[in-house]
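Undergrad: Handing over start_1.txt, compact mmCIF, C-alpha atoms.
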# COMPACT_ATOMS: atom_id res chain seq x y z
CA MET A 1 12.26 20.23 11.60
CA LYS A 2 8.56 19.57 11.14
CA ASP A 3 9.05 19.22 7.37
CA PHE A 4 11.29 16.20 7.96
CA GLU A 5 8.96 14.15 10.18
CA PHE A 6 8.60 11.24 7.77
CA LEU A 7 7.05 8.84 10.28
CA HIS A 8 4.19 11.31 10.66
CA ASN A 9 3.18 10.59 7.06
CA VAL A 10 3.94 6.86 6.99
CA THR A 11 1.00 4.75 8.11
CA ILE A 12 1.70 1.57 6.13
CA GLY A 13 3.23 -0.98 8.48
CA GLN A 14 1.91 0.64 11.66
CA TYR A 15 -0.70 -0.93 13.94
CA LEU A 16 -3.51 0.99 15.62
CA PRO A 17 -5.28 -1.17 18.24
CA THR A 18 -8.89 -0.12 18.71
CA GLY A 19 -10.53 -3.44 19.58
CA SER A 20 -13.08 -3.14 16.78
CA VAL A 21 -14.83 -5.97 14.98
CA ILE A 22 -12.34 -5.60 12.12
CA HIS A 23 -9.42 -6.10 14.50
CA ARG A 24 -11.02 -9.26 15.90
CA LEU A 25 -11.27 -10.96 12.51
CA HIS A 26 -9.04 -13.94 11.79
CA PRO A 27 -5.68 -12.78 10.34
CA ALA A 28 -6.05 -15.09 7.35
CA THR A 29 -9.46 -13.55 6.65
CA LYS A 30 -8.02 -10.03 6.62
CA MET A 31 -5.07 -11.06 4.46
CA LEU A 32 -7.27 -12.91 1.97
CA ALA A 33 -9.73 -10.01 1.76
CA ALA A 34 -6.92 -7.48 1.25
CA GLY A 35 -5.27 -9.66 -1.40
CA LEU A 36 -8.53 -10.08 -3.31
CA LEU A 37 -9.24 -6.35 -3.21
CA VAL A 38 -5.74 -5.45 -4.39
CA THR A 39 -5.99 -7.94 -7.27
CA ALA A 40 -9.40 -6.60 -8.28
CA LEU A 41 -8.15 -3.01 -8.12
CA ILE A 42 -5.25 -3.82 -10.43
CA ILE A 43 -7.54 -5.50 -12.95
CA SER A 44 -10.48 -3.08 -12.79
CA ALA A 45 -10.44 -0.28 -15.36
CA THR A 46 -13.56 1.67 -14.43
CA VAL A 47 -13.67 4.85 -12.38
CA SER A 48 -16.93 3.80 -10.74
CA GLY A 49 -15.37 0.54 -9.54
CA LEU A 50 -12.43 2.37 -7.97
CA LEU A 51 -14.77 4.86 -6.30
CA LEU A 52 -16.83 1.95 -4.97
CA VAL A 53 -13.76 0.43 -3.28
CA LEU A 54 -12.80 3.88 -1.98
CA VAL A 55 -16.22 4.29 -0.34
CA LEU A 56 -16.12 0.76 1.09
CA THR A 57 -12.63 1.41 2.48
CA GLY A 58 -13.97 4.51 4.21
CA VAL A 59 -16.80 2.44 5.69
CA GLY A 60 -14.27 -0.16 6.84
CA LEU A 61 -12.17 2.53 8.51
CA LYS A 62 -15.25 3.74 10.37
CA MET A 63 -16.06 0.19 11.47
CA GLY A 64 -12.45 -0.25 12.57
CA ARG A 65 -12.60 3.00 14.59
CA ILE A 66 -9.61 4.31 12.63
CA PRO A 67 -9.60 8.05 11.82
CA ILE A 68 -9.91 8.50 8.08
CA GLY A 69 -7.53 11.47 8.19
CA TYR A 70 -4.90 9.37 9.92
CA ALA A 71 -5.17 6.60 7.31
CA ALA A 72 -5.14 9.10 4.41
CA ARG A 73 -1.97 10.66 5.80
CA GLY A 74 0.03 7.86 4.20
CA ILE A 75 -0.90 9.10 0.73
CA ARG A 76 1.38 12.12 1.17
CA SER A 77 4.50 9.98 1.07
CA VAL A 78 3.57 8.49 -2.32
CA VAL A 79 2.31 11.69 -3.98
CA PRO A 80 5.57 12.15 -6.01
CA ILE A 81 5.25 8.58 -7.32
CA ILE A 82 1.59 9.10 -8.22
CA ILE A 83 2.39 12.35 -10.05
CA LEU A 84 5.29 10.73 -11.92
CA VAL A 85 3.18 7.75 -13.01
CA ALA A 86 0.33 10.03 -14.12
CA VAL A 87 2.66 12.26 -16.17
CA LEU A 88 4.30 9.25 -17.86
CA GLN A 89 0.84 7.85 -18.58
CA ILE A 90 -0.24 11.10 -20.22
CA LEU A 91 2.90 11.54 -22.32
CA PHE A 92 3.63 7.99 -23.45
CA ALA A 93 0.31 6.12 -23.28
CA THR A 94 -0.53 4.33 -26.51
CA GLY A 95 -4.30 4.56 -26.51
CA SER A 96 -6.91 4.88 -29.17
CA ASP A 97 -6.52 7.46 -31.91
CA SER A 98 -10.23 8.27 -31.84
CA GLY A 99 -11.44 11.55 -30.39
CA ARG A 100 -10.08 15.06 -30.59
CA VAL A 101 -6.39 15.79 -30.19
CA LEU A 102 -5.53 18.44 -27.60
CA TRP A 103 -1.86 18.83 -28.55
CA GLU A 104 0.51 17.02 -30.85
CA GLY A 105 4.24 17.42 -31.25
CA TRP A 106 7.22 15.16 -32.00
CA ILE A 107 6.18 11.68 -30.81
CA ILE A 108 3.69 12.93 -28.20
CA LYS A 109 -0.01 13.25 -28.90
CA LEU A 110 -2.31 14.31 -26.07
CA THR A 111 -5.95 13.25 -26.19
CA PRO A 112 -8.74 13.34 -23.59
CA ARG A 113 -8.41 9.58 -23.26
CA ASP A 114 -4.82 9.99 -22.05
CA PHE A 115 -5.94 12.25 -19.21
CA LEU A 116 -8.76 9.87 -18.35
CA VAL A 117 -6.36 6.92 -18.18
CA ALA A 118 -3.85 8.95 -16.15
CA GLY A 119 -6.55 10.04 -13.70
CA THR A 120 -7.78 6.47 -13.37
CA THR A 121 -4.23 5.24 -12.72
CA ALA A 122 -3.67 7.90 -10.05
CA LEU A 123 -6.99 7.04 -8.39
CA ARG A 124 -6.07 3.34 -8.48
CA LEU A 125 -2.77 4.02 -6.70
CA VAL A 126 -4.51 6.13 -4.05
CA VAL A 127 -7.08 3.41 -3.35
CA LEU A 128 -4.34 0.74 -3.26
CA VAL A 129 -2.41 2.71 -0.65
CA LEU A 130 -5.56 3.17 1.44
CA VAL A 131 -6.48 -0.52 1.27
CA ILE A 132 -2.99 -1.66 2.29
CA THR A 133 -2.86 1.00 5.03
CA PHE A 134 -6.24 -0.12 6.35
CA PHE A 135 -5.04 -3.72 6.42
CA THR A 136 -1.83 -2.98 8.35
CA LEU A 137 -3.53 -0.60 10.78
CA CYS A 138 -5.90 -3.33 11.96
CA THR A 139 -3.47 -6.28 11.89
CA ALA A 140 -0.72 -6.79 14.49
CA SER A 141 2.69 -8.28 13.69
CA LYS A 142 1.94 -11.64 15.27
CA GLU A 143 -1.33 -11.76 13.36
CA LEU A 144 0.49 -11.13 10.09
CA THR A 145 2.77 -14.08 10.76
CA HIS A 146 -0.09 -16.40 11.71
CA GLY A 147 -2.25 -15.30 8.80
CA SER A 148 0.49 -15.67 6.19
CA GLU A 149 1.45 -19.08 7.53
CA ARG A 150 -2.16 -20.22 7.58
CA LEU A 151 -2.75 -19.22 3.96
CA LEU A 152 0.52 -20.82 2.81
CA ARG A 153 0.12 -23.99 4.89
CA PRO A 154 -1.30 -26.13 2.03
CA LEU A 155 1.95 -25.57 0.11
CA THR A 156 4.02 -27.20 2.86
CA ARG A 157 3.01 -30.59 1.47
CA ILE A 158 5.32 -29.96 -1.49
CA GLY A 159 8.15 -28.64 0.68
CA PHE A 160 7.32 -24.94 0.46
CA PRO A 161 8.79 -22.93 3.43
CA ALA A 162 5.51 -21.35 4.52
CA HIS A 163 6.66 -20.26 7.99
CA GLU A 164 9.88 -18.68 6.73
CA LEU A 165 8.08 -16.75 3.99
CA ALA A 166 5.44 -15.58 6.48
CA MET A 167 8.21 -14.26 8.72
CA VAL A 168 9.83 -12.43 5.78
CA ILE A 169 6.51 -10.77 4.86
CA THR A 170 5.94 -9.66 8.45
CA VAL A 171 9.44 -8.24 8.88
CA ALA A 172 9.24 -6.43 5.52
CA LEU A 173 5.96 -4.70 6.43
CA ARG A 174 7.06 -3.74 9.93
CA PHE A 175 10.42 -2.42 8.69
CA LEU A 176 8.73 0.41 6.77
CA PRO A 177 8.17 2.66 9.82
CA ILE A 178 11.69 1.85 11.05
CA LEU A 179 13.18 2.92 7.72
CA SER A 180 11.13 6.12 7.88
CA VAL A 181 12.58 6.92 11.30
CA GLN A 182 16.10 6.22 10.03
CA ALA A 183 15.59 8.46 6.99
CA GLU A 184 14.20 11.17 9.25
CA HIS A 185 17.32 11.03 11.44
CA LEU A 186 19.61 11.27 8.40
CA VAL A 187 17.75 14.24 6.91
CA LYS A 188 17.64 16.11 10.21
CA ALA A 189 21.35 15.52 10.72
CA GLN A 190 22.10 16.92 7.26
CA ALA A 191 19.75 19.89 7.76
CA SER A 192 21.38 20.75 11.10
CA ARG A 193 24.69 20.95 9.23
CA GLY A 194 23.33 23.46 6.72
CA ALA A 195 21.95 21.22 3.97
CA ASP A 196 19.15 22.84 1.96
CA PHE A 197 16.38 20.39 1.13
CA GLY A 198 14.24 22.99 -0.60
CA LYS A 199 11.08 24.90 0.14
CA GLY A 200 8.52 26.75 -1.91
CA ARG A 201 7.16 25.96 -5.36
CA MET A 202 10.09 23.83 -6.56
CA GLY A 203 10.94 22.54 -3.12
CA LEU A 204 9.60 19.04 -3.79
CA PHE A 205 11.96 18.40 -6.71
CA LYS A 206 14.92 19.92 -4.90
CA ARG A 207 14.19 17.78 -1.85
CA LEU A 208 14.05 14.63 -3.96
CA TYR A 209 17.36 15.56 -5.59
CA ARG A 210 19.01 16.28 -2.24
CA MET A 211 17.80 13.01 -0.74
CA MET A 212 19.32 10.81 -3.44
CA PRO A 213 22.77 10.67 -1.75
CA LEU A 214 21.06 9.57 1.48
CA LEU A 215 19.98 6.29 -0.09
CA VAL A 216 23.42 4.76 0.45
CA PRO A 217 23.62 5.34 4.24
CA LEU A 218 19.95 4.37 4.54
CA PHE A 219 20.68 1.11 2.72
CA ILE A 220 23.68 0.42 4.94
CA ALA A 221 21.64 1.16 8.07
CA SER A 222 18.95 -1.23 6.85
CA LEU A 223 21.51 -4.00 6.41
CA ARG A 224 22.83 -3.36 9.92
CA ARG A 225 19.34 -3.53 11.40
CA GLY A 226 18.69 -6.74 9.51
CA GLU A 227 21.94 -8.23 10.81
CA THR A 228 21.04 -7.20 14.37
CA LEU A 229 17.63 -8.86 13.98
CA VAL A 230 19.23 -12.07 12.71
CA LEU A 231 21.70 -12.16 15.62
CA ALA A 232 18.86 -11.56 18.10
CA MET A 233 16.82 -14.40 16.60
CA GLU A 234 19.80 -16.75 16.64
CA ALA A 235 20.61 -15.81 20.26
CA ARG A 236 17.07 -16.87 21.18
CA CYS A 237 17.52 -20.17 19.30
CA TYR A 238 14.85 -19.28 16.76
CA THR A 239 14.21 -21.97 14.18
CA GLY A 240 11.42 -22.12 11.64
CA GLY A 241 9.79 -25.16 10.17
CA LYS A 242 6.81 -27.46 10.55
CA ASP A 243 7.72 -28.61 14.07
CA ARG A 244 7.43 -25.12 15.53
CA THR A 245 4.42 -24.66 17.84
CA GLN A 246 2.27 -21.54 18.28
CA LEU A 247 1.55 -19.72 21.52
CA MET A 248 -1.65 -18.16 20.19
CA ARG A 249 -4.28 -19.86 18.06
CA PHE A 250 -6.87 -17.93 16.06
CA GLN A 251 -10.29 -19.38 15.34
CA ALA A 252 -12.46 -18.29 12.43
CA GLY A 253 -16.11 -17.55 13.19
CA ARG A 254 -19.33 -16.34 11.63
CA THR A 255 -17.98 -12.81 11.23
CA ASP A 256 -15.07 -14.10 9.15
CA ILE A 257 -17.45 -15.93 6.82
CA ILE A 258 -19.52 -12.78 6.39
CA ALA A 259 -16.38 -10.72 5.71
CA ILE A 260 -15.08 -13.16 3.08
CA CYS A 261 -18.47 -13.42 1.36
CA GLY A 262 -18.85 -9.63 1.31
CA THR A 263 -15.36 -9.19 -0.10
CA GLY A 264 -16.05 -11.86 -2.71
CA LEU A 265 -19.20 -10.05 -3.83
CA VAL A 266 -17.33 -6.75 -4.15
CA VAL A 267 -14.46 -8.37 -6.06
CA GLY A 268 -16.89 -10.17 -8.37
CA LEU A 269 -18.70 -6.89 -9.02
CA LEU A 270 -15.41 -5.14 -9.82
CA LEU A 271 -14.28 -7.85 -12.22
CA THR A 272 -17.60 -7.99 -14.09
CA MET A 273 -18.36 -4.26 -13.99
CA HIS A 274 -18.38 -2.58 -17.37
CA TYR A 275 -18.45 1.13 -17.99
CA SER A 276 -21.25 2.53 -15.87
CA ARG A 277 -23.23 5.72 -16.32
CA LEU A 278 -20.54 7.66 -14.45
CA ASP A 279 -17.82 6.47 -16.83
CA GLU A 280 -19.99 7.33 -19.82
CA ILE A 281 -20.60 10.84 -18.46
CA ILE A 282 -16.86 11.38 -17.93
CA TRP A 283 -15.98 10.06 -21.41
CA THR A 284 -18.70 12.19 -23.08
CA TRP A 285 -17.54 15.31 -21.22
CA LEU A 286 -13.93 14.77 -22.27
CA ASN A 287 -14.87 14.32 -25.89
Can you dump the structure from the file as structure tokens?
TA:
Amino acid sequence: MKDFEFLHNVTIGQYLPTGSVIHRLHPATKMLAAGLLVTALIISATVSGLLLVLVLTGVGLKMGRIPIGYAARGIRSVVPIIILVAVLQILFATGSDSGRVLWEGWIIKLTPRDFLVAGTTALRLVVLVLVITFFTLCTASKELTHGSERLLRPLTRIGFPAHELAMVITVALRFLPILSVQAEHLVKAQASRGADFGKGRMGLFKRLYRMMPLLVPLFIASLRRGETLVLAMEARCYTGGKDRTQLMRFQAGRTDIIAICGTGLVVGLLLTMHYSRLDEIIWTWLN
């Protein structure tokens, strides 16, 4: 049953308390820094920029006393998605016609640029997963709620439900490990009844095919858990809104200013970075 331990490979949404300087940052600071990095990663098109964020994420994991292997474990769960996106990028990307053609047939024309773009896209997805994993591993649930509400508080002047949206974001992130446990239970129950989820060279595709029918019971179980959560909140007379007080109050300090300034410098570098020497070497080698 070790092959079906999904929670073992799901690190997004989990919290690892280590008491590091990263954990002690203001929740709004961590959310703002993560949002800026994710936006810059989506916009950046250079391999050197993505590698820079990857190195900085590794440094942040060390500062947060989080094992890099544990954080990288979450990439396994999204490997099929990364492979699918890379293949689609190679086959159907509409890039430049310059350069040598590796293979051409029907409506598909493969060039070195297609593989470069596909590799860059795959690397971008890997770094995105690591950044989001790093953020959730060093931010507790209550901190997520406080941080989201603090960032959205200026919008309350125009009637925006900041507290309610913050609660939705927190519940959505923390439901990921719960859904992984539920999927693990369903797969183990089917495997104990003789279901073959595939092993070997083609085992990944067979497993994906076999797991498609499990989406319906997983969806139903998610709705039931959501209904149970709503009933529990109503039983405790939970109400959102501007008149709700907070038990814990977070104060921003000098470390938060340094973290925001450092993140701003990195994001500015990513947005203004053109093709560096590394990108030129890769492009010259492919051509």
Undergrad: May I ask which of the residues A:Leu41, A:Ala221, A:Ile90, A:Ala189 is the closest one to Arg113 in chain A, counting only C-alpha atoms?
TA: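 Answer, going by the shortest atom-to-atom distance: A:Ile90.
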Undergrad: Using all atoms listed in the file, which of the listed residues (A:Val126, A:Leu271, A:Leu265, A:Met233) sits closest to Arg76 in chain A?
TA: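 The answer is A:Val126, which sits nearest to Arg76 in chain A.
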Undergrad: Could you jot down the CA of Val171 in chain A to CA of Val230 in chain A separation for me, Å, one decimal place?
TA: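 So the two atoms, CA of Val171 in chain A and CA of Val230 in chain A, lie 11.2 Å apart.
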Undergrad: Pick from A:Leu215, A:Met167, A:Ile257, A:Ala28: nearest to Thr239 in chain A, with only C-alpha atoms counted?
TA: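 Among A:Leu215, A:Met167, A:Ile257, A:Ala28, it is A:Met167 that comes nearest to Thr239 in chain A.
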Undergrad: For Ala122 in chain A, find every residue with an atom within 10 Å (counting only C-alpha atoms), except residues of its own chain fewer than 2 positions away, and show them as a list of chain:residue names.
TA: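 Everything that qualifies: A:Val79, A:Ile81, A:Ile82, A:Ile83, A:Leu84, A:Val85, A:Ala86, A:Val87, A:Gln89, A:Leu116, A:Val117, A:Ala118, A:Gly119, A:Thr120, A:Arg124, A:Leu125, A:Val126, A:Val127, A:Leu128.
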